[in-house]
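So this block is model_13.txt, compact mmCIF, C-alpha atoms (C1' of nucleotides):
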# COMPACT_ATOMS: atom_id res chain seq x y z
CA MET F 93 93.94 261.60 154.17
CA THR F 94 92.05 260.57 151.11
CA THR F 95 93.95 261.43 148.00
CA ILE F 96 92.05 262.50 144.93
CA SER F 97 92.12 259.71 142.44
CA LEU F 98 93.80 260.11 139.11
CA LEU F 99 90.70 258.47 137.77
CA ASP F 100 88.53 261.45 138.53
CA LEU F 101 89.79 263.77 135.84
CA GLN F 102 87.38 266.57 136.68
CA ALA F 103 88.52 266.76 140.26
CA LEU F 104 92.22 267.07 139.55
CA PRO F 105 93.77 270.06 141.28
CA LEU F 106 94.92 271.90 138.20
CA THR F 107 95.31 275.63 137.80
CA GLY F 108 93.42 277.41 135.07
CA GLU F 109 96.31 277.27 132.63
CA ALA F 110 97.29 273.65 133.09
CA LYS F 111 93.64 272.74 133.26
CA SER F 112 92.83 274.22 129.89
CA LYS F 113 95.82 272.46 128.37
CA ILE F 114 94.49 269.18 129.63
CA GLN F 115 90.99 270.01 128.46
CA LYS F 116 92.30 270.73 125.00
CA SER F 117 94.31 267.53 124.74
CA LEU F 118 91.37 265.52 126.01
CA ASN F 119 89.57 263.60 123.35
CA LYS F 120 86.29 261.78 123.56
CA LEU F 121 86.38 258.59 121.52
CA SER F 122 84.21 255.58 121.11
CA PHE F 123 84.83 252.06 119.90
CA ASN F 124 82.59 249.22 118.89
CA LYS F 125 82.48 245.88 120.58
CA ASP F 126 85.41 243.72 119.44
CA GLN F 127 87.26 246.70 118.06
CA THR F 128 90.94 247.02 118.90
CA ILE F 129 91.95 250.20 120.72
CA PHE F 130 95.65 249.63 120.23
CA HIS F 131 97.74 246.70 119.11
CA GLN F 132 100.64 244.94 120.74
CA GLY F 133 103.87 246.29 119.25
CA GLU F 134 102.32 249.64 118.46
CA VAL F 135 103.57 252.73 120.25
CA CYS F 136 100.74 254.17 122.29
CA THR F 137 101.27 256.88 124.87
CA SER F 138 97.62 257.64 125.43
CA LEU F 139 95.74 257.20 128.65
CA TYR F 140 92.19 255.91 128.30
CA PHE F 141 89.60 256.73 130.94
CA ILE F 142 86.54 254.54 130.47
CA ARG F 143 83.20 256.29 130.63
CA SER F 144 81.24 253.19 129.72
CA GLY F 145 81.95 249.74 128.42
CA LEU F 146 84.50 247.03 129.12
CA VAL F 147 88.03 246.46 127.86
CA LYS F 148 90.45 243.58 127.91
CA LEU F 149 94.22 243.91 127.79
CA SER F 150 95.89 240.83 126.36
CA TYR F 151 99.14 239.42 125.13
CA ILE F 152 99.41 237.41 121.94
CA THR F 153 102.28 234.95 122.12
CA THR F 154 104.51 234.07 119.20
CA GLU F 155 102.49 230.88 118.79
CA GLY F 156 99.37 232.99 118.39
CA LYS F 157 97.87 232.22 121.77
CA GLU F 158 96.06 234.93 123.66
CA LEU F 159 96.56 235.52 127.38
CA ILE F 160 94.60 238.15 129.24
CA LYS F 161 96.34 240.65 131.48
CA SER F 162 93.31 242.48 132.80
CA PHE F 163 89.73 243.57 132.40
CA ILE F 164 88.85 247.22 132.94
CA ALA F 165 85.34 248.62 133.21
CA GLU F 166 83.74 252.06 133.42
CA GLY F 167 85.43 254.30 135.95
CA GLY F 168 88.76 252.60 135.35
CA MET F 169 91.62 253.58 133.12
CA PHE F 170 94.33 251.90 131.09
CA GLY F 171 97.34 252.62 128.94
CA SER F 172 100.67 251.07 128.15
CA LEU F 173 103.01 252.10 130.93
CA TYR F 174 105.83 250.42 129.07
CA SER F 175 105.18 252.37 125.91
CA GLN F 176 104.83 255.61 127.84
CA LEU F 177 108.07 255.16 129.71
CA THR F 178 110.24 253.71 126.98
CA GLY F 179 108.66 255.02 123.80
CA GLU F 180 108.66 251.49 122.44
CA GLY F 181 105.69 249.46 121.30
CA SER F 182 103.10 248.28 123.79
CA THR F 183 103.57 244.78 125.09
CA PHE F 184 99.85 244.06 124.83
CA ASN F 185 96.62 244.68 122.94
CA ALA F 186 93.62 246.62 124.18
CA THR F 187 90.29 245.39 122.86
CA ALA F 188 86.73 246.51 123.52
CA LEU F 189 84.58 243.71 124.91
CA GLU F 190 81.54 245.97 124.81
CA ASP F 191 80.75 249.18 122.98
CA LEU F 192 83.07 251.67 124.55
CA ALA F 193 83.21 255.36 125.36
CA VAL F 194 86.52 256.75 126.55
CA ASP F 195 88.24 260.00 127.39
CA VAL F 196 91.67 259.94 125.83
CA LEU F 197 94.52 261.95 127.21
CA ASP F 198 98.15 261.98 126.20
CA TYR F 199 100.43 260.67 128.90
CA THR F 200 103.01 263.39 128.50
CA ALA F 201 100.29 266.05 128.52
CA LEU F 202 99.14 264.81 131.89
CA ILE F 203 102.66 264.50 133.23
CA GLN F 204 103.45 268.00 132.05
CA ALA F 205 100.28 269.33 133.61
CA GLY F 206 101.48 267.96 136.91
CA GLU F 207 105.08 269.01 136.38
CA ASN F 208 105.04 271.84 138.92
CA SER F 209 102.23 270.75 141.14
CA LEU F 210 103.02 269.04 144.38
CA GLU F 211 99.43 267.91 144.68
CA MET F 212 99.44 266.36 141.24
CA GLN F 213 102.67 264.54 141.95
CA LYS F 214 101.11 263.08 145.07
CA ILE F 215 98.21 261.87 143.00
CA PHE F 216 100.66 260.21 140.64
CA VAL F 217 102.51 258.60 143.53
CA ASN F 218 99.26 257.31 144.92
CA PHE F 219 98.18 255.95 141.59
CA PHE F 220 101.37 254.05 140.91
CA GLN F 221 101.49 252.74 144.46
CA GLN F 222 98.06 251.25 144.03
CA LEU F 223 99.04 249.86 140.66
CA ALA F 224 102.15 248.23 142.11
CA LEU F 225 100.10 246.83 144.97
CA SER F 226 97.50 245.29 142.68
CA LYS F 227 100.23 243.70 140.59
CA GLU F 228 101.69 242.23 143.75
CA MET F 229 98.35 240.63 144.53
CA ARG F 230 98.28 239.05 141.11
CA GLU F 231 101.82 237.77 141.57
CA TYR F 232 100.73 236.26 144.86
CA GLU F 233 97.82 234.53 143.20
CA PHE F 234 99.93 233.01 140.47
CA LEU F 235 102.50 231.79 142.93
CA CYS F 236 100.29 230.55 145.73
CA LEU F 237 96.89 229.65 144.33
CA SER F 238 95.70 226.85 142.07
CA ALA F 239 93.65 227.61 138.97
CA GLN F 240 90.61 226.44 140.91
CA GLN F 241 91.29 228.86 143.74
CA ARG F 242 92.06 231.73 141.37
CA TYR F 243 88.74 231.10 139.65
CA LYS F 244 86.81 231.13 142.88
CA LYS F 245 88.53 234.26 144.07
CA PHE F 246 87.88 236.12 140.84
CA CYS F 247 84.18 235.21 140.91
CA GLU F 248 83.88 236.46 144.47
CA GLN F 249 85.87 239.61 143.88
CA TYR F 250 84.48 240.69 140.52
CA PRO F 251 80.99 239.21 140.09
CA GLN F 252 79.95 242.13 137.91
CA ILE F 253 82.85 241.45 135.54
CA VAL F 254 82.26 237.71 135.47
CA SER F 255 78.72 238.22 134.29
CA ARG F 256 79.85 240.41 131.43
CA ILE F 257 82.64 238.35 129.92
CA ARG F 258 82.80 235.08 128.06
CA GLN F 259 83.98 232.15 130.06
CA ALA F 260 86.73 231.69 127.50
CA ASP F 261 88.16 235.11 128.30
CA LEU F 262 88.02 234.45 132.01
CA ALA F 263 90.05 231.28 131.42
CA LEU F 264 92.70 233.20 129.51
CA TYR F 265 92.88 235.63 132.43
CA LEU F 266 93.37 232.79 134.90
CA GLY F 267 96.20 231.42 132.80
CA ILE F 268 94.43 228.24 131.70
CA THR F 269 92.53 227.13 128.60
CA PRO F 270 88.77 227.53 128.27
CA ILE F 271 88.49 223.75 128.31
CA ALA F 272 90.35 223.50 131.59
CA LEU F 273 88.09 226.12 133.12
CA SER F 274 84.98 224.30 131.99
CA ARG F 275 86.35 221.15 133.58
CA LEU F 276 87.29 222.61 136.92
CA LYS F 277 83.95 224.40 137.25
CA HIS F 278 82.23 221.04 137.23
CA ARG F 279 84.78 219.36 139.40
CA SER F 280 83.73 218.03 142.79
CA SER F 281 83.48 221.40 144.54
CA GLY F 282 87.15 221.07 145.39
CA GLU F 283 89.37 223.10 147.60
CA MET D 72 116.07 263.56 132.04
CA THR D 73 117.58 261.05 134.43
CA THR D 74 115.75 261.07 137.69
CA ILE D 75 117.70 260.51 140.86
CA SER D 76 116.95 257.05 142.16
CA LEU D 77 115.26 256.54 145.46
CA LEU D 78 117.91 253.91 145.99
CA ASP D 79 120.67 256.43 146.29
CA LEU D 80 119.81 257.80 149.70
CA GLN D 81 122.78 260.15 149.85
CA ALA D 82 121.84 261.88 146.64
CA LEU D 83 118.26 262.68 147.57
CA PRO D 84 117.45 266.37 147.14
CA LEU D 85 116.59 267.13 150.73
CA THR D 86 117.00 270.44 152.48
CA GLY D 87 119.11 270.64 155.61
CA GLU D 88 116.15 270.25 157.91
CA ALA D 89 114.43 267.34 156.20
CA LYS D 90 117.80 265.81 155.56
CA SER D 91 118.78 265.73 159.19
CA LYS D 92 115.44 264.22 160.09
CA ILE D 93 116.11 261.41 157.65
CA GLN D 94 119.65 261.02 158.90
CA LYS D 95 118.37 260.66 162.43
CA SER D 96 115.75 258.10 161.59
CA LEU D 97 118.22 256.13 159.53
CA ASN D 98 119.47 253.02 161.23
CA LYS D 99 122.30 250.73 160.24
CA LEU D 100 121.47 247.13 160.98
CA SER D 101 122.94 243.78 160.14
CA PHE D 102 121.56 240.27 160.01
CA ASN D 103 123.13 236.86 159.80
CA LYS D 104 122.62 234.41 156.98
CA ASP D 105 119.26 232.66 157.38
CA GLN D 106 118.01 235.24 159.82
CA THR D 107 114.51 236.62 159.29
CA ILE D 108 114.26 240.38 158.82
CA PHE D 109 110.51 240.46 159.21
CA HIS D 110 107.79 237.82 159.25
CA GLN D 111 104.67 237.44 157.20
CA GLY D 112 101.72 238.79 159.20
CA GLU D 113 103.93 241.20 161.11
CA VAL D 114 103.40 244.92 160.62
CA CYS D 115 106.56 246.39 159.17
CA THR D 116 106.70 249.90 157.78
CA SER D 117 110.46 250.05 157.41
CA LEU D 118 112.34 250.44 154.19
CA TYR D 119 115.51 248.40 153.89
CA PHE D 120 118.33 249.56 151.66
CA ILE D 121 120.84 246.79 151.15
CA ARG D 122 124.49 247.72 151.53
CA SER D 123 125.71 244.17 151.16
CA GLY D 124 124.23 240.69 151.12
CA LEU D 125 121.23 239.04 149.58
CA VAL D 126 117.61 238.80 150.66
CA LYS D 127 114.65 236.70 149.65
CA LEU D 128 111.02 237.76 150.04
CA SER D 129 108.71 234.79 150.29
CA TYR D 130 105.17 233.73 151.03
CA ILE D 131 104.37 230.79 153.26
CA THR D 132 101.06 229.23 152.27
CA THR D 133 98.56 227.84 154.74
CA GLU D 134 99.86 224.37 153.88
CA GLY D 135 103.33 225.48 154.89
CA LYS D 136 104.78 225.70 151.41
CA GLU D 137 107.20 228.47 150.61
CA LEU D 138 106.99 230.49 147.38
CA ILE D 139 109.53 233.16 146.58
CA LYS D 140 108.44 236.61 145.50
CA SER D 141 111.83 238.12 144.82
CA PHE D 142 115.54 238.21 145.45
CA ILE D 143 117.17 241.52 146.27
CA ALA D 144 120.89 242.18 146.40
CA GLU D 145 123.19 245.03 147.41
CA GLY D 146 122.10 248.33 145.93
CA GLY D 147 118.47 247.27 146.00
CA MET D 148 115.78 247.95 148.54
CA PHE D 149 112.72 246.25 149.91
CA GLY D 150 109.83 246.71 152.28
CA SER D 151 106.22 245.71 152.58
CA LEU D 152 104.26 248.16 150.46
CA TYR D 153 101.08 246.54 151.68
CA SER D 154 101.99 247.02 155.32
CA GLN D 155 103.10 250.58 154.69
CA LEU D 156 99.91 251.55 152.93
CA THR D 157 97.37 249.68 155.01
CA GLY D 158 99.04 249.38 158.39
CA GLU D 159 98.27 245.66 158.36
CA GLY D 160 100.71 242.78 158.54
CA SER D 161 103.10 242.10 155.70
CA THR D 162 101.97 239.49 153.21
CA PHE D 163 105.43 237.97 153.04
CA ASN D 164 108.65 237.17 154.90
CA ALA D 165 112.02 238.75 154.35
CA THR D 166 114.97 236.46 155.00
CA ALA D 167 118.69 236.99 154.64
CA LEU D 168 120.29 234.50 152.26
CA GLU D 169 123.72 235.89 153.06
CA ASP D 170 125.09 237.98 155.90
CA LEU D 171 123.40 241.28 155.45
CA ALA D 172 124.05 244.95 156.08
CA VAL D 173 121.15 247.34 155.61
CA ASP D 174 120.19 250.95 156.09
CA VAL D 175 116.76 251.04 157.65
CA LEU D 176 114.45 253.97 157.22
CA ASP D 177 110.88 254.38 158.33
CA TYR D 178 108.49 254.65 155.43
CA THR D 179 106.52 257.52 156.90
CA ALA D 180 109.72 259.38 157.74
CA LEU D 181 110.73 259.25 154.11
CA ILE D 182 107.28 260.20 152.90
CA GLN D 183 107.19 263.10 155.31
CA ALA D 184 110.61 264.21 154.22
CA GLY D 185 109.28 264.45 150.71
CA GLU D 186 105.97 265.96 151.72
CA ASN D 187 106.71 269.43 150.43
CA SER D 188 109.32 268.68 147.84
CA LEU D 189 108.31 268.50 144.23
CA GLU D 190 111.60 266.83 143.40
CA MET D 191 111.13 264.16 146.02
CA GLN D 192 107.62 263.44 144.79
CA LYS D 193 108.99 262.95 141.30
CA ILE D 194 111.49 260.49 142.67
CA PHE D 195 108.64 258.62 144.34
CA VAL D 196 106.61 258.61 141.13
CA ASN D 197 109.57 257.28 139.23
CA PHE D 198 110.23 254.59 141.78
CA PHE D 199 106.69 253.29 141.85
CA GLN D 200 106.43 253.43 138.07
CA GLN D 201 109.46 251.21 137.80
CA LEU D 202 108.08 248.91 140.45
CA ALA D 203 104.76 248.61 138.65
CA LEU D 204 106.58 247.97 135.39
CA SER D 205 108.70 245.20 136.85
CA LYS D 206 105.61 243.56 138.32
CA GLU D 207 104.02 243.68 134.90
CA MET D 208 106.98 241.83 133.47
CA ARG D 209 106.58 239.10 136.04
CA GLU D 210 102.87 238.86 135.29
CA TYR D 211 103.76 238.48 131.62
CA GLU D 212 106.18 235.70 132.41
CA PHE D 213 103.68 233.74 134.48
CA LEU D 214 101.02 234.10 131.84
CA CYS D 215 103.04 233.54 128.70
CA LEU D 216 106.11 231.49 129.54
CA SER D 217 106.60 227.88 130.55
CA ALA D 218 108.64 227.02 133.62
CA GLN D 219 111.45 226.04 131.28
CA GLN D 220 111.40 229.42 129.57
CA ARG D 221 111.15 231.29 132.86
CA TYR D 222 114.18 229.41 134.10
CA LYS D 223 116.22 230.22 131.02
CA LYS D 224 115.25 233.85 131.14
CA PHE D 225 116.13 234.21 134.80
CA CYS D 226 119.56 232.65 134.26
CA GLU D 227 120.27 235.03 131.40
CA GLN D 228 118.95 238.06 133.20
CA TYR D 229 120.39 237.53 136.66
CA PRO D 230 123.46 235.29 136.36
CA GLN D 231 125.01 236.92 139.43
CA ILE D 232 121.95 236.04 141.50
CA VAL D 233 121.74 232.49 140.15
CA SER D 234 125.26 231.78 141.29
CA ARG D 235 124.49 232.95 144.80
CA ILE D 236 121.28 231.09 145.57
CA ARG D 237 120.34 227.48 146.09
CA GLN D 238 118.67 225.81 143.18
CA ALA D 239 115.78 225.03 145.49
CA ASP D 240 115.14 228.71 146.07
CA LEU D 241 115.29 229.45 142.38
CA ALA D 242 112.62 226.79 141.84
CA LEU D 243 110.37 228.37 144.43
CA TYR D 244 110.81 231.68 142.64
CA LEU D 245 109.85 230.13 139.32
CA GLY D 246 106.72 228.70 140.87
CA ILE D 247 107.74 225.04 140.65
CA THR D 248 109.24 222.49 143.01
CA PRO D 249 112.99 221.96 143.31
CA ILE D 250 112.47 218.50 141.86
CA ALA D 251 110.73 219.86 138.80
CA LEU D 252 113.54 222.35 138.26
CA SER D 253 116.16 219.65 138.51
CA ARG D 254 114.23 217.67 135.91
CA LEU D 255 113.75 220.42 133.40
CA LYS D 256 117.38 221.48 133.63
CA HIS D 257 118.39 218.09 132.32
CA ARG D 258 115.64 217.88 129.78
CA SER D 259 116.56 217.68 126.11
CA SER D 260 117.60 221.32 125.83
CA GLY D 261 114.05 222.05 124.91
CA GLU D 262 112.36 225.24 123.88
C1' DG K 211 140.12 210.42 156.40
C1' DT K 212 135.40 209.55 158.31
C1' DC K 213 131.04 211.00 159.51
C1' DA K 214 127.29 213.93 159.30
C1' DT K 215 124.55 217.30 157.21
C1' DG K 216 122.38 219.46 153.56
C1' DA K 217 121.76 219.87 148.40
C1' DA K 218 120.72 217.93 144.17
C1' DT K 219 119.29 214.10 141.40
C1' DT K 220 116.60 210.16 140.06
C1' DA K 221 112.62 207.02 139.99
C1' DA K 222 107.73 205.64 140.28
C1' DC K 223 103.34 207.06 140.45
C1' DC K 224 99.50 210.42 140.13
C1' DT K 225 96.92 214.65 139.05
C1' DC K 226 96.04 218.68 136.55
C1' DG K 227 95.95 221.07 132.60
C1' DG K 228 96.91 221.12 127.29
C1' DT K 229 95.35 219.34 122.70
C1' DT K 230 92.27 217.82 119.19
C1' DA K 231 87.98 216.93 117.92
C1' DA K 232 83.23 215.93 118.36
C1' DT K 233 78.92 217.31 120.61
C1' DT K 234 75.63 220.09 122.71
C1' DA K 235 73.74 224.47 124.17
C1' DT K 236 72.80 229.24 123.19
C1' DT K 237 72.46 233.34 120.45
C1' DT K 238 71.93 235.75 116.30
C1' DT K 239 70.27 236.43 111.81
C1' DA K 240 67.55 235.66 108.00
C1' DT N 107 60.97 229.06 112.77
C1' DA N 108 64.90 227.46 110.54
C1' DA N 109 69.60 228.07 109.65
C1' DA N 110 73.99 229.76 110.94
C1' DA N 111 77.26 231.24 113.99
C1' DT N 112 79.22 231.37 118.52
C1' DA N 113 79.89 229.40 123.23
C1' DA N 114 80.35 225.86 126.24
C1' DT N 115 80.82 221.04 127.34
C1' DT N 116 82.62 216.45 127.02
C1' DA N 117 85.83 212.73 125.75
C1' DA N 118 90.31 210.58 124.87
C1' DC N 119 94.98 211.04 125.01
C1' DC N 120 99.39 213.16 126.35
C1' DG N 121 102.92 215.64 128.84
C1' DA N 122 104.50 218.68 132.58
C1' DG N 123 104.80 219.13 137.14
C1' DG N 124 103.63 217.44 142.14
C1' DT N 125 104.66 213.83 145.73
C1' DT N 126 107.23 210.54 148.26
C1' DA N 127 111.20 208.34 148.94
C1' DA N 128 115.61 206.59 147.87
C1' DT N 129 120.18 207.70 146.09
C1' DT N 130 124.11 210.33 144.91
C1' DC N 131 126.99 214.54 145.53
C1' DA N 132 129.20 218.25 148.23
C1' DT N 133 130.67 220.41 152.13
C1' DG N 134 132.04 220.86 156.61
C1' DA N 135 133.18 219.32 161.25
C1' DC N 136 135.77 216.51 163.88
Please lay out the structure from this file as structure tokens.
Amino acid sequence: MTTISLLDLQALPLTGEAKSKIQKSLNKLSFNKDQTIFHQGEVCTSLYFIRSGLVKLSYITTEGKELIKSFIAEGGMFGSLYSQLTGEGSTFNATALEDLAVDVLDYTALIQAGENSLEMQKIFVNFFQQLALSKEMREYEFLCLSAQQRYKKFCEQYPQIVSRIRQADLALYLGITPIALSRLKHRSSGE
Amino acid sequence: MTTISLLDLQALPLTGEAKSKIQKSLNKLSFNKDQTIFHQGEVCTSLYFIRSGLVKLSYITTEGKELIKSFIAEGGMFGSLYSQLTGEGSTFNATALEDLAVDVLDYTALIQAGENSLEMQKIFVNFFQQLALSKEMREYEFLCLSAQQRYKKFCEQYPQIVSRIRQADLALYLGITPIALSRLKHRSSGE
DNA sequence: GTCATGAATTAACCTCGGTTAATTATTTTA
DNA sequence: TAAAATAATTAACCGAGGTTAATTCATGAC
């Protein structure tokens, strides 16, 4: 019972008509390293499927501090669920950490394409289930793990990401300052 | 374009056949205050729809500390998404904070009931979207807000919950100790 | 009313992480 | 290769939150 992933656009079970609609609304874009894909506060109902490169999603607080929500690499996708569902501005920024190539699709176009397809709806269900589950994991980590433990876990779980990002960004993902991360790295091994 | 909520079991668009199946598998249970509904580590694929009472979902760490994931009151529902999707043990406990009356439904029964219904799938999509969105909010709060700010926000957002729970449990939800919460409450107002 | 139980507060002490700022790599560019 | 820019480390100081334990407050039970 493997469900087709929403991430594999080509494999989506769409009929000729719906398929061509999607094809038409699909846009290939590219961004340079450090370029912003969309800003916090800006309405953005696009879905971005990463062909190559690395993206960070981050909040900027009122005091101007940056906190990182997530890193997404090739094969992954991102978009502002909040903006898509409410029509209001995104709660976070999306920034390219490496030169980036993406397939861009409008959220409503995709939803409409799946409007009458049971199979597509199941793919949506599956996608959002997984999303909810991954958010639960992160909630668990914030509640139950120390910064030290979160660091260790992230390194073990995403070594390929760790090697591609600045230590400073990793710190902002863990919810601590770059200085604190530097310190705890060199701390006596530690639980 | 209001979608029927998964929470309103009676209103679900189910045909006579699927409906009766659901009716049959539906179980009315009740628990006493302080009773455990299911334990961390225990496989539990049930969905619990709360008719009355209040529940807390909490993690117990290896050191025996409790951290609270969420509070759910009448009209809400809960279940272990992780257990349902993977078949493994739940990552958290569910405990009644007040005498509790619930409608219990098996996850797979509900999924099967919606298997061939486009409408039901849309209800699922909607439900998991909202779930993912609410988890995102919590992630934002842990990343961007201080314990003080989280406390203030929770009081404003869920005054009816605040009045029904022990301060100690609220602290464990905020990710701090009861002592720390007591302190910050009495701190110079403070941003 | 008294006693007992549990909840909340307070105090003293300690650790971790934040802050500012200086220093030392490490890249990049010229 | 030197100079400039960016990243990472280190130090000194501070405050928030953890820990233990004692104290005060509430609530029931008898």
What lies within 10 Å of Leu98 (chain F) using only C-alpha atoms (C1' of nucleotides), ignoring chain neighbours under 5 positions off, as a ChimeraX atom specification? /F:103-104,141,168-169,212,214-220
Taking C-alpha atoms for each residue, export the selection above as an mmCIF file, keeping the file's coordinate frame.
data_model
loop_
_atom_site.group_PDB
_atom_site.id
_atom_site.type_symbol
_atom_site.label_atom_id
_atom_site.label_comp_id
_atom_site.auth_asym_id
_atom_site.auth_seq_id
_atom_site.Cartn_x
_atom_site.Cartn_y
_atom_site.Cartn_z
ATOM 1 C CA ALA F 103 88.520 266.760 140.260
ATOM 2 C CA LEU F 104 92.220 267.070 139.550
ATOM 3 C CA PHE F 141 89.600 256.730 130.940
ATOM 4 C CA GLY F 168 88.760 252.600 135.350
ATOM 5 C CA MET F 169 91.620 253.580 133.120
ATOM 6 C CA MET F 212 99.440 266.360 141.240
ATOM 7 C CA LYS F 214 101.110 263.080 145.070
ATOM 8 C CA ILE F 215 98.210 261.870 143.000
ATOM 9 C CA PHE F 216 100.660 260.210 140.640
ATOM 10 C CA VAL F 217 102.510 258.600 143.530
ATOM 11 C CA ASN F 218 99.260 257.310 144.920
ATOM 12 C CA PHE F 219 98.180 255.950 141.590
ATOM 13 C CA PHE F 220 101.370 254.050 140.910
#
Students should find that CA of Leu100 (chain D) and CA of Leu128 (chain D) are spaced 17.8 Å
What's the 12 Å shell around region 182-184 of chain D, counting all atoms listed in the file, without same-chain residues fewer than 2 positions away, as a ChimeraX atom specification? /F:214,217-218 /D:77,83-96,116-118,155-156,176-180,186-192,194-196
Interface residues on chain F facing chain K, 9 Å, only C-alpha atoms (C1' of nucleotides), written as a list in words: Ile268, Thr269, Ile271 and Ala272 of chain F
Closest contacts (chain D/chain N, max 12 Å, all atoms listed in the file) as JSON lines:
{"residue": "D:Ser217", "atom": "CA", "partner": "N:DA122", "partner_atom": "C1'", "distance": 9.7}
{"residue": "D:Ala218", "atom": "CA", "partner": "N:DA122", "partner_atom": "C1'", "distance": 9.4}
{"residue": "D:Gln219", "atom": "CA", "partner": "N:DA122", "partner_atom": "C1'", "distance": 10.2}
{"residue": "D:Ala242", "atom": "CA", "partner": "N:DG123", "partner_atom": "C1'", "distance": 11.9}
{"residue": "D:Gly246", "atom": "CA", "partner": "N:DG123", "partner_atom": "C1'", "distance": 10.4}
{"residue": "D:Ile247", "atom": "CA", "partner": "N:DG123", "partner_atom": "C1'", "distance": 7.5}
{"residue": "D:Thr248", "atom": "CA", "partner": "N:DG124", "partner_atom": "C1'", "distance": 7.6}
{"residue": "D:Pro249", "atom": "CA", "partner": "N:DG124", "partner_atom": "C1'", "distance": 10.5}
{"residue": "D:Ile250", "atom": "CA", "partner": "N:DG124", "partner_atom": "C1'", "distance": 8.9}
{"residue": "D:Ala251", "atom": "CA", "partner": "N:DG123", "partner_atom": "C1'", "distance": 6.2}
{"residue": "D:Leu252", "atom": "CA", "partner": "N:DG123", "partner_atom": "C1'", "distance": 9.4}
{"residue": "D:Ser253", "atom": "CA", "partner": "N:DG123", "partner_atom": "C1'", "distance": 11.5}
{"residue": "D:Arg254", "atom": "CA", "partner": "N:DG123", "partner_atom": "C1'", "distance": 9.6}
{"residue": "D:Leu255", "atom": "CA", "partner": "N:DA122", "partner_atom": "C1'", "distance": 9.4}
{"residue": "D:Arg258", "atom": "CA", "partner": "N:DA122", "partner_atom": "C1'", "distance": 11.5}
Place a sphere of radius 12 Å on (82.6, 244.6, 127.3) in the file coordinates and name every protein, DNA or RNA residue with an atom inside or on its surface, counting all atoms listed in the file; give the answer as a CSV table (one decimal) with C-alpha atoms, in the frame of the given file.
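Output contents, as saved in part_16.csv:
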chain,number,residue,atom,x,y,z
F,123,PHE,CA,84.8,252.1,119.9
F,124,ASN,CA,82.6,249.2,118.9
F,125,LYS,CA,82.5,245.9,120.6
F,126,ASP,CA,85.4,243.7,119.4
F,127,GLN,CA,87.3,246.7,118.1
F,142,ILE,CA,86.5,254.5,130.5
F,144,SER,CA,81.2,253.2,129.7
F,145,GLY,CA,82.0,249.7,128.4
F,146,LEU,CA,84.5,247.0,129.1
F,147,VAL,CA,88.0,246.5,127.9
F,148,LYS,CA,90.4,243.6,127.9
F,149,LEU,CA,94.2,243.9,127.8
F,163,PHE,CA,89.7,243.6,132.4
F,164,ILE,CA,88.8,247.2,132.9
F,165,ALA,CA,85.3,248.6,133.2
F,166,GLU,CA,83.7,252.1,133.4
F,186,ALA,CA,93.6,246.6,124.2
F,187,THR,CA,90.3,245.4,122.9
F,188,ALA,CA,86.7,246.5,123.5
F,189,LEU,CA,84.6,243.7,124.9
F,190,GLU,CA,81.5,246.0,124.8
F,191,ASP,CA,80.8,249.2,123.0
F,192,LEU,CA,83.1,251.7,124.6
F,193,ALA,CA,83.2,255.4,125.4
F,252,GLN,CA,80.0,242.1,137.9
F,253,ILE,CA,82.8,241.4,135.5
F,254,VAL,CA,82.3,237.7,135.5
F,255,SER,CA,78.7,238.2,134.3
F,256,ARG,CA,79.8,240.4,131.4
F,257,ILE,CA,82.6,238.4,129.9
F,258,ARG,CA,82.8,235.1,128.1
F,261,ASP,CA,88.2,235.1,128.3
In terms of only C-alpha atoms, the residue from D:Leu245, D:Ala239, D:Val114, D:Leu78 at minimal distance from chain F is D:Leu245
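Coordinates place CA of Ile96 (chain F) at a distance of 29.3 Å from CA of Asp79 (chain D).
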Fewer than 2 positions away in the same chain doesn't count, so skip those; otherwise give me all residues within 10 Å of Tyr174 (chain F), counting only C-alpha atoms (C1' of nucleotides), as a PyMOL selection string. (chain F and resi 135-137+171-172+176-184) or (chain D and resi 200-201+203-205+207-208)
Separation of CA of Tyr151 (chain F) from CA of Lys206 (chain D), in Å and rounded to one decimal: 15.3 Å
Quick one: residues within 9 Å of Asn185 (chain F), only C-alpha atoms (C1' of nucleotides) counted, chain neighbours fewer than 4 positions away excluded, as a PDB file with C-alpha atoms, in the coordinates of the input?
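The resulting part-v8.pdb:
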ATOM      1  CA  THR F 128      90.940 247.020 118.900  1.00  0.00           C
ATOM      2  CA  ILE F 129      91.950 250.200 120.720  1.00  0.00           C
ATOM      3  CA  PHE F 130      95.650 249.630 120.230  1.00  0.00           C
ATOM      4  CA  HIS F 131      97.740 246.700 119.110  1.00  0.00           C
ATOM      5  CA  GLN F 132     100.640 244.940 120.740  1.00  0.00           C
ATOM      6  CA  GLY F 133     103.870 246.290 119.250  1.00  0.00           C
ATOM      7  CA  GLU F 134     102.320 249.640 118.460  1.00  0.00           C
ATOM      8  CA  LYS F 148      90.450 243.580 127.910  1.00  0.00           C
ATOM      9  CA  LEU F 149      94.220 243.910 127.790  1.00  0.00           C
ATOM     10  CA  SER F 150      95.890 240.830 126.360  1.00  0.00           C
ATOM     11  CA  TYR F 151      99.140 239.420 125.130  1.00  0.00           C
ATOM     12  CA  ILE F 152      99.410 237.410 121.940  1.00  0.00           C
TER      13      ILE F 152
END
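Compared by their closest atoms to chain D, and using only C-alpha atoms, the residues F:Ser122, F:Ser97, F:Gln102, F:Ser162 rank with F:Ser162 nearest.
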Would you please take region 229-233 of chain K of the structure in the block above and write C-alpha atoms (C1' of nucleotides) to a file as a compact mmCIF listing (two decimals), in the first residue's frame?
# COMPACT_ATOMS: atom_id res chain seq x y z
C1' DT K 229 24.96 39.39 24.56
C1' DT K 230 28.81 42.12 23.20
C1' DA K 231 33.06 42.28 21.54
C1' DA K 232 37.53 40.73 20.37
C1' DT K 233 40.15 37.09 18.05
